[in-house]
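**Student:** For reference, the file query28.cif (mmCIF, C-alpha atoms) is included below:
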```
data_run
loop_
_atom_site.label_atom_id
_atom_site.label_comp_id
_atom_site.auth_asym_id
_atom_site.auth_seq_id
_atom_site.Cartn_x
_atom_site.Cartn_y
_atom_site.Cartn_z
CA MET A 14 33.49 -155.06 133.60
CA ARG A 15 31.76 -152.01 132.11
CA ASP A 16 28.14 -151.92 130.96
CA ILE A 17 27.15 -150.30 127.66
CA ASN A 18 23.46 -149.99 126.91
CA VAL A 19 22.29 -150.89 123.41
CA LYS A 20 20.35 -147.62 123.19
CA GLU A 21 23.64 -145.71 123.19
CA ILE A 22 24.98 -147.98 120.45
CA THR A 23 21.89 -147.46 118.28
CA LYS A 24 22.08 -143.69 118.70
CA THR A 25 25.78 -143.65 117.85
CA VAL A 26 25.41 -145.81 114.74
CA SER A 27 22.57 -143.64 113.45
CA ARG A 28 24.64 -140.48 113.91
CA LEU A 29 27.79 -141.94 112.36
CA PHE A 30 26.12 -143.02 109.13
CA GLN A 31 24.41 -139.68 108.67
CA GLU A 32 27.63 -137.76 109.32
CA ALA A 33 29.63 -140.09 107.06
CA CYS A 34 27.24 -139.43 104.18
CA TYR A 35 27.24 -135.64 104.67
CA TYR A 36 30.80 -134.77 105.64
CA LEU A 37 33.87 -136.03 103.81
CA PRO A 38 36.76 -136.65 106.27
CA GLU A 39 39.29 -133.84 106.37
CA ASP A 40 42.15 -136.11 105.33
CA VAL A 41 40.24 -137.01 102.16
CA VAL A 42 39.48 -133.37 101.40
CA THR A 43 43.16 -132.51 101.87
CA ALA A 44 44.19 -135.35 99.54
CA LEU A 45 41.73 -134.15 96.89
CA LYS A 46 43.12 -130.61 97.11
CA GLN A 47 46.64 -131.94 96.72
CA ALA A 48 45.47 -134.03 93.76
CA ARG A 49 44.00 -130.91 92.16
CA GLU A 50 47.37 -129.17 92.42
CA ALA A 51 49.25 -132.18 91.03
CA GLU A 52 46.85 -132.97 88.19
CA GLU A 53 48.27 -132.05 84.78
CA SER A 54 45.10 -132.47 82.74
CA PRO A 55 42.91 -129.35 82.46
CA VAL A 56 39.80 -131.52 82.31
CA GLY A 57 41.01 -133.50 85.30
CA ARG A 58 41.50 -130.29 87.28
CA LYS A 59 37.97 -129.16 86.43
CA VAL A 60 36.60 -132.50 87.58
CA LEU A 61 38.44 -132.19 90.89
CA ASP A 62 37.14 -128.62 91.27
CA ARG A 63 33.58 -129.92 90.93
CA ILE A 64 34.28 -132.73 93.41
CA LEU A 65 35.60 -130.25 95.97
CA GLU A 66 32.63 -127.97 95.36
CA ASN A 67 30.35 -130.95 95.90
CA THR A 68 31.89 -131.64 99.30
CA GLU A 69 31.22 -128.05 100.39
CA ILE A 70 27.61 -128.12 99.23
CA SER A 71 27.01 -131.46 100.92
CA ALA A 72 28.40 -130.32 104.27
CA LYS A 73 26.59 -126.99 104.21
CA GLY A 74 23.23 -128.47 103.30
CA GLU A 75 23.63 -131.78 105.16
CA ILE A 76 22.76 -133.71 102.03
CA PRO A 77 24.49 -136.88 100.82
CA LEU A 78 27.86 -136.51 99.12
CA CYS A 79 26.70 -139.16 96.64
CA GLN A 80 23.27 -140.56 95.83
CA ASP A 81 24.66 -144.05 96.49
CA THR A 82 24.79 -144.12 100.27
CA GLY A 83 26.00 -147.67 100.09
CA ASP A 84 25.99 -150.87 102.05
CA ALA A 85 26.11 -150.14 105.78
CA VAL A 86 29.48 -151.65 106.67
CA VAL A 87 30.35 -151.60 110.38
CA PHE A 88 33.69 -152.47 111.96
CA LEU A 89 33.58 -153.08 115.71
CA GLU A 90 36.44 -153.27 118.18
CA LEU A 91 34.75 -154.72 121.26
CA GLY A 92 36.66 -154.52 124.50
CA GLN A 93 36.75 -157.85 126.31
CA ASP A 94 35.69 -156.09 129.52
CA VAL A 95 32.53 -154.65 127.97
CA HIS A 96 29.11 -156.01 128.92
CA ILE A 97 26.33 -155.16 126.44
CA VAL A 98 23.07 -154.60 128.31
CA GLY A 99 19.47 -153.93 127.31
CA GLY A 100 19.44 -156.09 124.21
CA ASP A 101 21.49 -157.67 121.45
CA LEU A 102 24.55 -155.90 120.01
CA TYR A 103 23.90 -156.67 116.34
CA SER A 104 20.20 -155.84 116.64
CA ALA A 105 21.16 -152.49 118.15
CA ILE A 106 23.48 -151.77 115.22
CA ASN A 107 20.82 -152.67 112.67
CA GLU A 108 18.35 -150.42 114.47
CA GLY A 109 20.91 -147.62 114.26
CA VAL A 110 21.25 -148.17 110.52
CA ARG A 111 17.47 -148.25 110.17
CA GLN A 112 17.05 -144.98 112.03
CA GLY A 113 20.01 -143.24 110.43
CA TYR A 114 19.02 -144.02 106.86
CA SER A 115 15.41 -143.00 107.52
CA GLU A 116 16.06 -139.83 109.52
CA GLY A 117 18.92 -138.78 107.25
CA TYR A 118 16.98 -139.35 104.01
CA LEU A 119 19.72 -141.67 102.81
CA ARG A 120 19.10 -144.02 99.90
CA LYS A 121 18.20 -147.56 100.89
CA SER A 122 20.06 -149.98 98.64
CA MET A 123 19.94 -153.43 100.26
CA VAL A 124 17.89 -156.16 98.57
CA THR A 125 16.91 -159.65 99.66
CA GLN A 126 17.13 -162.66 97.34
CA PRO A 127 19.90 -160.91 95.39
CA PHE A 128 20.00 -163.69 92.77
CA SER A 129 16.28 -163.52 91.91
CA ALA A 130 13.53 -161.25 93.27
CA ARG A 131 15.88 -158.50 94.57
CA ILE A 132 13.32 -157.00 96.96
CA ASN A 133 14.46 -153.80 98.67
CA THR A 134 14.55 -154.09 102.47
CA LYS A 135 13.48 -150.41 102.62
CA ASP A 136 15.74 -149.51 105.56
CA ASN A 137 19.22 -150.46 104.30
CA THR A 138 19.49 -153.33 106.75
CA PRO A 139 20.97 -155.76 107.41
CA ALA A 140 24.26 -154.07 108.19
CA ILE A 141 27.48 -155.87 107.26
CA ILE A 142 29.21 -156.23 110.62
CA TYR A 143 32.75 -157.32 111.47
CA THR A 144 33.83 -157.66 115.09
CA ASP A 145 37.27 -157.85 116.66
CA ILE A 146 37.62 -158.61 120.37
CA VAL A 147 40.30 -156.37 121.87
CA PRO A 148 41.62 -155.59 125.37
CA GLY A 149 39.86 -152.91 127.39
CA ASP A 150 36.39 -151.72 128.32
CA ARG A 151 35.48 -149.59 125.31
CA LEU A 152 33.53 -150.18 122.10
CA LYS A 153 34.91 -148.60 118.92
CA ILE A 154 32.48 -148.29 116.02
CA ILE A 155 33.55 -147.47 112.46
CA ALA A 156 30.69 -146.77 110.04
CA MET A 157 31.54 -147.10 106.35
CA PRO A 158 28.85 -146.49 103.72
CA LYS A 159 30.33 -148.49 100.81
CA GLY A 160 29.02 -147.59 97.37
CA GLY A 161 28.27 -150.23 94.77
CA GLY A 162 30.29 -148.76 91.91
CA ALA A 163 33.58 -149.15 93.78
CA GLU A 164 32.66 -152.37 95.57
CA ASN A 165 31.80 -154.03 92.26
CA MET A 166 35.44 -153.63 91.22
CA SER A 167 36.75 -155.83 94.07
CA ARG A 168 39.16 -158.53 92.99
CA LEU A 169 40.69 -161.63 94.63
CA ALA A 170 43.45 -163.95 93.48
CA VAL A 171 45.40 -166.70 95.17
CA LEU A 172 48.71 -166.45 93.38
CA PRO A 173 51.43 -169.08 93.38
CA PRO A 174 54.12 -167.92 95.83
CA ALA A 175 56.65 -167.79 93.00
CA LYS A 176 54.83 -164.73 91.62
CA GLY A 177 56.16 -162.84 94.63
CA ARG A 178 56.28 -159.06 94.99
CA GLN A 179 56.05 -158.35 91.27
CA GLY A 180 53.04 -160.63 90.95
CA VAL A 181 51.25 -158.65 93.67
CA ILE A 182 52.04 -155.33 91.99
CA ASP A 183 50.91 -156.53 88.56
CA PHE A 184 47.65 -157.94 89.94
CA VAL A 185 46.73 -154.75 91.80
CA VAL A 186 47.60 -152.41 88.93
CA ASN A 187 45.71 -154.58 86.46
CA ALA A 188 42.64 -154.55 88.74
CA VAL A 189 42.63 -150.74 88.79
CA ASP A 190 43.22 -150.59 85.04
CA GLU A 191 40.29 -152.92 84.34
CA ALA A 192 38.07 -150.93 86.72
CA GLY A 193 38.62 -147.77 84.69
CA SER A 194 36.08 -145.08 85.50
CA ASN A 195 33.61 -147.44 87.21
CA PRO A 196 34.77 -146.81 90.82
CA CYS A 197 34.69 -142.99 90.36
CA PRO A 198 38.38 -142.12 90.57
CA PRO A 199 40.52 -140.78 92.07
CA VAL A 200 40.26 -143.89 94.21
CA ILE A 201 41.85 -145.23 97.33
CA VAL A 202 43.24 -148.69 96.65
CA GLY A 203 42.88 -151.13 99.54
CA VAL A 204 45.21 -154.13 99.20
CA GLY A 205 45.22 -157.29 101.29
CA ILE A 206 48.12 -159.72 101.11
CA GLY A 207 48.32 -163.06 102.90
CA GLY A 208 46.09 -165.11 105.16
CA THR A 209 43.38 -167.07 103.40
CA ALA A 210 40.94 -166.01 100.68
CA GLU A 211 38.44 -164.42 103.07
CA LYS A 212 41.14 -162.97 105.34
CA THR A 213 42.93 -161.12 102.56
CA VAL A 214 39.65 -159.62 101.33
CA MET A 215 38.99 -158.33 104.84
CA LEU A 216 42.49 -156.88 105.04
CA ALA A 217 41.88 -154.97 101.81
CA LYS A 218 38.61 -153.49 103.02
CA LYS A 219 39.84 -152.57 106.49
CA ALA A 220 42.84 -150.85 104.89
CA LEU A 221 40.42 -148.24 103.53
CA CYS A 222 39.81 -146.99 107.08
CA ARG A 223 43.40 -145.75 107.38
CA LYS A 224 44.06 -142.01 107.13
CA VAL A 225 44.53 -141.24 103.44
CA GLY A 226 48.15 -141.51 102.40
CA GLU A 227 49.39 -142.65 105.80
CA PRO A 228 51.99 -145.30 104.96
CA ASN A 229 52.05 -148.77 106.45
CA PRO A 230 54.41 -148.78 109.47
CA ASP A 231 56.43 -151.60 107.92
CA PRO A 232 58.99 -149.89 105.60
CA GLU A 233 58.90 -152.77 103.11
CA VAL A 234 55.11 -152.59 102.81
CA ALA A 235 55.23 -148.78 102.62
CA GLU A 236 57.64 -149.04 99.69
CA LEU A 237 55.28 -151.50 98.00
CA GLU A 238 52.40 -149.04 98.44
CA LYS A 239 54.49 -146.27 96.92
CA GLU A 240 55.44 -148.33 93.87
CA ILE A 241 51.86 -149.46 93.23
CA LEU A 242 50.59 -145.87 93.53
CA ASN A 243 53.16 -144.68 91.00
CA ARG A 244 52.18 -147.43 88.55
CA VAL A 245 48.46 -146.74 89.03
CA ASN A 246 48.91 -143.02 88.44
CA ASN A 247 50.73 -143.74 85.20
CA LEU A 248 47.69 -145.55 83.78
CA GLY A 249 46.19 -142.29 82.51
CA ILE A 250 42.64 -143.01 83.73
CA GLY A 251 42.48 -139.75 85.69
CA PRO A 252 39.67 -138.12 87.69
CA MET A 253 36.32 -139.76 86.91
CA GLY A 254 37.99 -141.51 83.96
CA TYR A 255 38.46 -138.36 81.86
CA GLY A 256 42.21 -138.86 81.64
CA GLY A 257 45.01 -137.40 83.67
CA ARG A 258 47.73 -138.07 86.18
CA ILE A 259 45.71 -138.70 89.36
CA THR A 260 43.86 -142.01 89.21
CA ALA A 261 44.43 -142.84 92.90
CA LEU A 262 44.85 -140.72 96.00
CA ALA A 263 46.59 -143.49 97.92
CA VAL A 264 47.37 -147.18 98.13
CA HIS A 265 46.89 -148.79 101.54
CA ALA A 266 48.20 -152.34 101.94
CA GLU A 267 47.82 -154.68 104.89
CA VAL A 268 49.79 -157.92 105.19
CA PHE A 269 49.19 -161.15 107.12
CA PRO A 270 51.22 -164.40 107.21
CA ALA A 271 50.24 -166.98 104.58
CA HIS A 272 50.48 -170.72 103.97
CA ILE A 273 53.70 -171.93 102.36
CA ALA A 274 51.74 -172.88 99.22
CA SER A 275 49.69 -169.68 98.90
CA LEU A 276 49.95 -165.98 98.12
CA PRO A 277 46.42 -164.55 98.46
CA VAL A 278 45.95 -160.97 97.20
CA ALA A 279 42.79 -158.86 97.26
CA VAL A 280 41.90 -155.41 95.96
CA ASN A 281 39.06 -153.33 97.39
CA LEU A 282 38.60 -149.92 95.77
CA GLN A 283 37.08 -146.88 97.40
CA CYS A 284 35.76 -144.02 95.28
CA TRP A 285 36.82 -140.40 95.84
CA CYS A 286 33.82 -140.20 98.17
CA ALA A 287 35.77 -142.11 100.83
CA ARG A 288 33.23 -141.98 103.63
CA HIS A 289 33.74 -143.33 107.10
CA LYS A 290 33.19 -142.05 110.63
CA GLU A 291 34.12 -143.57 113.96
CA ALA A 292 33.30 -143.20 117.62
CA ILE A 293 34.38 -144.78 120.88
CA ILE A 294 31.83 -145.54 123.57
#
```
Would you mind writing the file out in structure tokens?

**Tutor:**
Amino acid sequence: MRDINVKEITKTVSRLFQEACYYLPEDVVTALKQAREAEESPVGRKVLDRILENTEISAKGEIPLCQDTGDAVVFLELGQDVHIVGGDLYSAINEGVRQGYSEGYLRKSMVTQPFSARINTKDNTPAIIYTDIVPGDRLKIIAMPKGGGAENMSRLAVLPPAKGRQGVIDFVVNAVDEAGSNPCPPVIVGVGIGGTAEKTVMLAKKALCRKVGEPNPDPEVAELEKEILNRVNNLGIGPMGYGGRITALAVHAEVFPAHIASLPVAVNLQCWCARHKEAII
């Protein structure tokens, strides 16, 4: 059994959210540069030039890549041999979000009573936390600031199994088409297939944490990703919706077994500002 003090967790969460909002991951920057080279539209190329310039300015000045610094989404992989000491794990994470968003001058976007009063919590808490128990004595933390424009384009369907592979492809492509410019393309398309309604939505969101363009290890799923990406990039939406070849940088699909009567499918889009940082304690 290994002890981890909540103070270390709070400090790490605070740092991760600030870094995620200032520094775009290198794999995303590389994908954007490749998109700029592949883009056929002159306007689309100019848009991607400005996006890349934005990433440089943000990193140099340590200012947010986007004004929408998002919901504070946290994925935890908690080793079963870890003992959290000094307080409560989730309270420590929320304190890290509170400190990070205050010290980093990040926009606070969370509101209570979302169906009525919509009162800002003023510190971007509560965080949205998902925990997996895994072997080992380490705690892995993934911080994902998830902007509203892309998140609002999430879609879920429970298809009849007879729709099969083609039904999945059509649903995902249609979701991106309907989203248009709203999620600030070029996007990363997270796809969940299987499980139950809530499980497939989680698969789609967690898929966004994968290195951009890294194919699913299952060859059949990787081929599905490739076909969906080709269809999406033939929609003509283009960078920021101004038209062009590159509407998506990548499609990441995750698959889970499903009930014999069900074919759940979810889409979770991530804008070009695909922010996430991780650390292992």

**Student:** If the PyMOL selection byres ((chain A and resi 234-245) around 12) were run on this exact file, what residues would it hold? Put them as a ChimeraX atom specification.

**Tutor:** /A:177-193,198-206,220,226-233,246-251,257-269,280

**Student:** With a distance cut-off of 12 Å and all atoms listed in the file, select the neighbouring residues of Gln80 (chain A), excluding the residue or stretch itself and same-chain residues fewer than 4 positions from it, and output the selection as JSON, numbers by chain.

**Tutor:** {"A": [34, 35, 67, 71, 76, 118, 119, 120, 121, 122, 158, 159, 160, 161, 162, 286]}

**Student:** Run through the PyMOL selection byres ((chain A and resi 107) around 9) on the given coordinates and return the selected residues as a list in words.

**Tutor:**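 Answer for the PyMOL selection byres ((chain A and resi 107) around 9): Thr23, Val26, Leu102, Tyr103, Ser104, Ala105, Ile106, Glu108, Gly109, Val110, Arg111, Gln112, Asn137, Thr138, Pro139 and Ala140 of chain A.
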
**Student:** In terms of the shortest atom-to-atom distance over all atoms listed in the file, which of A:Met14, A:Ala274, A:Ala210, A:Val87 is closest to Lys290 (chain A)?

**Tutor:**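 Using all atoms listed in the file, Lys290 (chain A) sits closest to A:Val87.
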
**Student:** Counting all atoms listed in the file, figure out which residue out of A:Ser275, A:Ala217, A:Trp285, A:Gln126 gets nearest to Ala48 (chain A).

**Tutor:**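 Closest residue, counting all atoms listed in the file: A:Trp285.
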
**Student:** Record the distance separating CA of Arg63 (chain A) and CA of Asn195 (chain A), expressed in Å with one decimal.

**Tutor:**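 These two atoms are separated by 17.9 Å.
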
**Student:** What is the CA of His96 (chain A) to CA of Asp16 (chain A) distance in Å?

**Tutor:**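 CA of His96 (chain A) sits 4.7 Å away from CA of Asp16 (chain A).
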
**Student:** In the coordinate frame of the file, compute which residues have an atom within 12 Å of (36.8, -126.4, 93.2) when using only C-alpha atoms, and state them as a list in words.

**Tutor:**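 So the residues meeting the distance criterion are Val42, Leu45, Lys46, Gln47, Ala48, Arg49, Glu50, Gly57, Arg58, Lys59, Val60, Leu61, Asp62, Arg63, Ile64, Leu65, Glu66, Asn67, Thr68, Glu69 and Ile70 of chain A.
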
**Student:** When distances are computed from only C-alpha atoms, which of A:Asp136, A:Asp84, A:Asp40, A:Glu211 shows the smallest separation from Met157 (chain A)?

**Tutor:** A:Asp84

**Student:** Provide the CA of Thr144 (chain A) to CA of Ala292 (chain A) distance in Å, to one decimal place.

**Tutor:** 14.7 Å
